[in-house]
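For reference, the structure discussed in these notes is given below.
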Amino acid sequence: MRSGVHPTQAVVAALLLAIATASILAEETSGTTDDGAMQAARSEPAAAPGQDNTEGPMEEMVVEGMGPLGPDDVRDLVFINQIYNAHSEAGRLYSQGRYKEAFPYLLEAAQQGFKTSQFRLAYLYRRGLGAPFDPIAAIGWLGAAARGNSTPEMKRVYRDIWARVPPERQQEFMAIVDEYVAQYGNDVTRTSCRMTRKAGTYVKRMTCQFDDERLYADYETLLGDLSPDTAPPAPLPE
């Protein structure tokens with residue numbers, strides 16, 4: 001994604017490194033995620049600053065079958081199902097602490113505006129778990145997750161970090177977040193996220209859906225309205 005890092009971003013990276021050393025995200029990420037797996041991750045050792053403790057893919061994943069998509073590009077049903085599957089697999093692997101395996105799935109879903117995946121991806125970058133230690137990517141993904149409709153936990157973690165940013169560095173800090181939102185926000189990825197209750201419980205969780213999904217839902221409804229025992233048309237005269 002970031003082919004070139006601005007000099008000012010290097011300053012922000014140093015600031016975020018200091019924040020990371022204070023383990024802000026490690027101590028602030030329990031509660032409203034789907035499975036509370038952030039708590040389990042606390043016991044994992046963080047990578048040393050600048051150390052890449054994984055040989056996994058970097059932020060260059062491209063979803064198979066489609067090129068880069070813009071806000072005016074309708075997502076087809078195959079693509080939509082692929083992202084839902086990636087988001088689901090990411091959650092399964094993440095909850096098991098298999099961060100290196102979860103990383104590419106988290107990235108795939110995060111790039112399509114799925115906020116829980118964005119939030120978890122930020123945590124992996126912040127801790128160097130299954131991904132290279134990257135404080136700029138961490139704050140970019142965290143900001144994208146916290147922007148707009150989000151969970152109270154995501155917003156709280158973001159506010160806690162923002163409170164530690166010196167006023168003279170806030171503009172640079174915000175530029176990183178804006179860059180990620182401009183590429184992976186809900187308006188660009190044609191997704192909508194909201195808090196929903198898990199069936200049969202009072203537990204709320206973040207749910208994200210593609211806006212284009214309704215196009216296919218309407219079509220399936222139309223097909224479902226066709227009676228299966230409709231009389232066949234009369235044969236054509238010979």
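How things are named: the first chain in the structure tokens is A, the next is B, and so on; residues count from 1 in each chain; ligands count from 1 in the order shown.
Using only C-alpha atoms, the residues found no farther than 7 Å from A:Ala86, other than those of its own chain fewer than 6 positions away, are Tyr105, Glu108 and Ala109 of chain A.
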Filtering to C-alpha atoms, could you give me those residues as a compact mmCIF listing (two decimals), in the first residue's frame?
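Written out: out.txt:
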# COMPACT_ATOMS: atom_id res chain seq x y z
CA TYR A 105 -7.43 -13.50 5.76
CA GLU A 108 -8.26 -9.54 2.74
CA ALA A 109 -11.34 -8.71 4.81
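Rounded to one decimal, atom CA of A:Tyr99 and atom CA of A:Ala137 lie 16.2 Å from each other.
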> Which parts of stretch 135-219 of chain A does DSSP call strand (DSSP E) when run on the backbone here, written out as a PyMOL selection string?
Replying inline: chain A and resi 191-197+204-210
> Which is closest to A:Ala182 among A:Ser95, A:Gln112, A:Thr201, A:Gln209, if we use only C-alpha atoms?
Replying inline: A:Gln112
>> Just list as a PyMOL selection string whatever in stretch 169-205 of chain A DSSP marks as alpha helix (DSSP H).
In response: chain A and resi 170-184+186-189
Can I get the selected residues back with C-alpha atoms, as an mmCIF file, in the first residue's frame?
data_model
loop_
_atom_site.group_PDB
_atom_site.id
_atom_site.type_symbol
_atom_site.label_atom_id
_atom_site.label_comp_id
_atom_site.auth_asym_id
_atom_site.auth_seq_id
_atom_site.Cartn_x
_atom_site.Cartn_y
_atom_site.Cartn_z
ATOM 1 C CA GLN A 170 -1.674 15.385 15.482
ATOM 2 C CA GLN A 171 -1.863 16.518 11.865
ATOM 3 C CA GLU A 172 0.682 13.901 10.776
ATOM 4 C CA PHE A 173 -1.064 11.272 12.852
ATOM 5 C CA MET A 174 -4.428 12.083 11.279
ATOM 6 C CA ALA A 175 -2.960 12.041 7.761
ATOM 7 C CA ILE A 176 -2.097 8.365 8.206
ATOM 8 C CA VAL A 177 -5.610 7.527 9.366
ATOM 9 C CA ASP A 178 -7.154 9.542 6.535
ATOM 10 C CA GLU A 179 -5.028 7.657 4.005
ATOM 11 C CA TYR A 180 -6.327 4.303 5.216
ATOM 12 C CA VAL A 181 -9.927 5.480 5.424
ATOM 13 C CA ALA A 182 -9.678 6.864 1.885
ATOM 14 C CA GLN A 183 -8.715 3.414 0.628
ATOM 15 C CA TYR A 184 -10.500 1.040 2.994
ATOM 16 C CA ASN A 186 -17.002 1.863 4.143
ATOM 17 C CA ASP A 187 -17.861 4.494 1.528
ATOM 18 C CA VAL A 188 -15.069 3.279 -0.744
ATOM 19 C CA THR A 189 -15.577 -0.454 -0.228
#
>> Using only C-alpha atoms for the distances, tell me which of A:Ile139, A:Ser192, A:Thr116, A:Leu124 is nearest to A:Phe103.
In response: A:Leu124
Wanna dump the stretch 182-202 of chain A-stretch 141-160 of chain A contacts at 8 Å for me, each residue with its shortest atom pair and the distance in Å to one decimal, counting only C-alpha atoms, ordered by chain and number, as CSV?
residue,atom,partner,partner_atom,distance
A:Tyr184,CA,A:Ala144,CA,7.1
A:Gly185,CA,A:Ala144,CA,6.3
A:Cys193,CA,A:Asn149,CA,6.2
A:Arg194,CA,A:Asn149,CA,6.2
A:Met195,CA,A:Thr151,CA,7.1
Could you turn the residues from that selection into a file that holds N, CA and C atoms, as a PDB file, in the first residue's frame?
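So the final result, stored in part.pdb, reads:
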ATOM      1  N   TYR A 184      -9.830   2.214   2.434  1.00  0.00           N
ATOM      2  CA  TYR A 184     -10.500   1.040   2.994  1.00  0.00           C
ATOM      3  C   TYR A 184     -11.722   1.377   3.843  1.00  0.00           C
ATOM      4  N   GLY A 185     -12.204   2.610   3.761  1.00  0.00           N
ATOM      5  CA  GLY A 185     -13.395   2.982   4.511  1.00  0.00           C
ATOM      6  C   GLY A 185     -14.655   2.405   3.885  1.00  0.00           C
ATOM      7  N   CYS A 193     -21.475  -1.165   8.249  1.00  0.00           N
ATOM      8  CA  CYS A 193     -21.202  -1.883   9.493  1.00  0.00           C
ATOM      9  C   CYS A 193     -22.105  -1.358  10.601  1.00  0.00           C
ATOM     10  N   ARG A 194     -22.584  -2.259  11.443  1.00  0.00           N
ATOM     11  CA  ARG A 194     -23.446  -1.864  12.554  1.00  0.00           C
ATOM     12  C   ARG A 194     -23.340  -2.897  13.661  1.00  0.00           C
ATOM     13  N   MET A 195     -23.755  -2.487  14.852  1.00  0.00           N
ATOM     14  CA  MET A 195     -23.780  -3.396  15.987  1.00  0.00           C
ATOM     15  C   MET A 195     -25.074  -4.201  15.953  1.00  0.00           C
TER      16      MET A 195
END
>> Need to verify the contact set: A:Glu101, 10 Å, only C-alpha atoms, exclusion of same-chain residues closer than 3 positions in sequence. Can you return it as a list in words?
In response: Gly56, Glu89, Ala90, Leu93, Tyr94, Gly97, Arg98, Pro104, Tyr105, Leu106, Gly130 and Ala131 of chain A
> Excluding same-chain residues fewer than 4 positions from A:Leu77, what lies within 9 Å of it counting only C-alpha atoms, as number ranges by chain?
Replying inline: A: 81-82, 212-213, 216
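What separates atom CA of A:Phe133 from atom CA of A:Leu121 is a distance of 11.3 Å.
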>> As an exercise, work out the distance from atom CA of A:Pro166 to atom CA of A:Lys115 in Å and give it to one decimal place.
In response: 26.6 Å
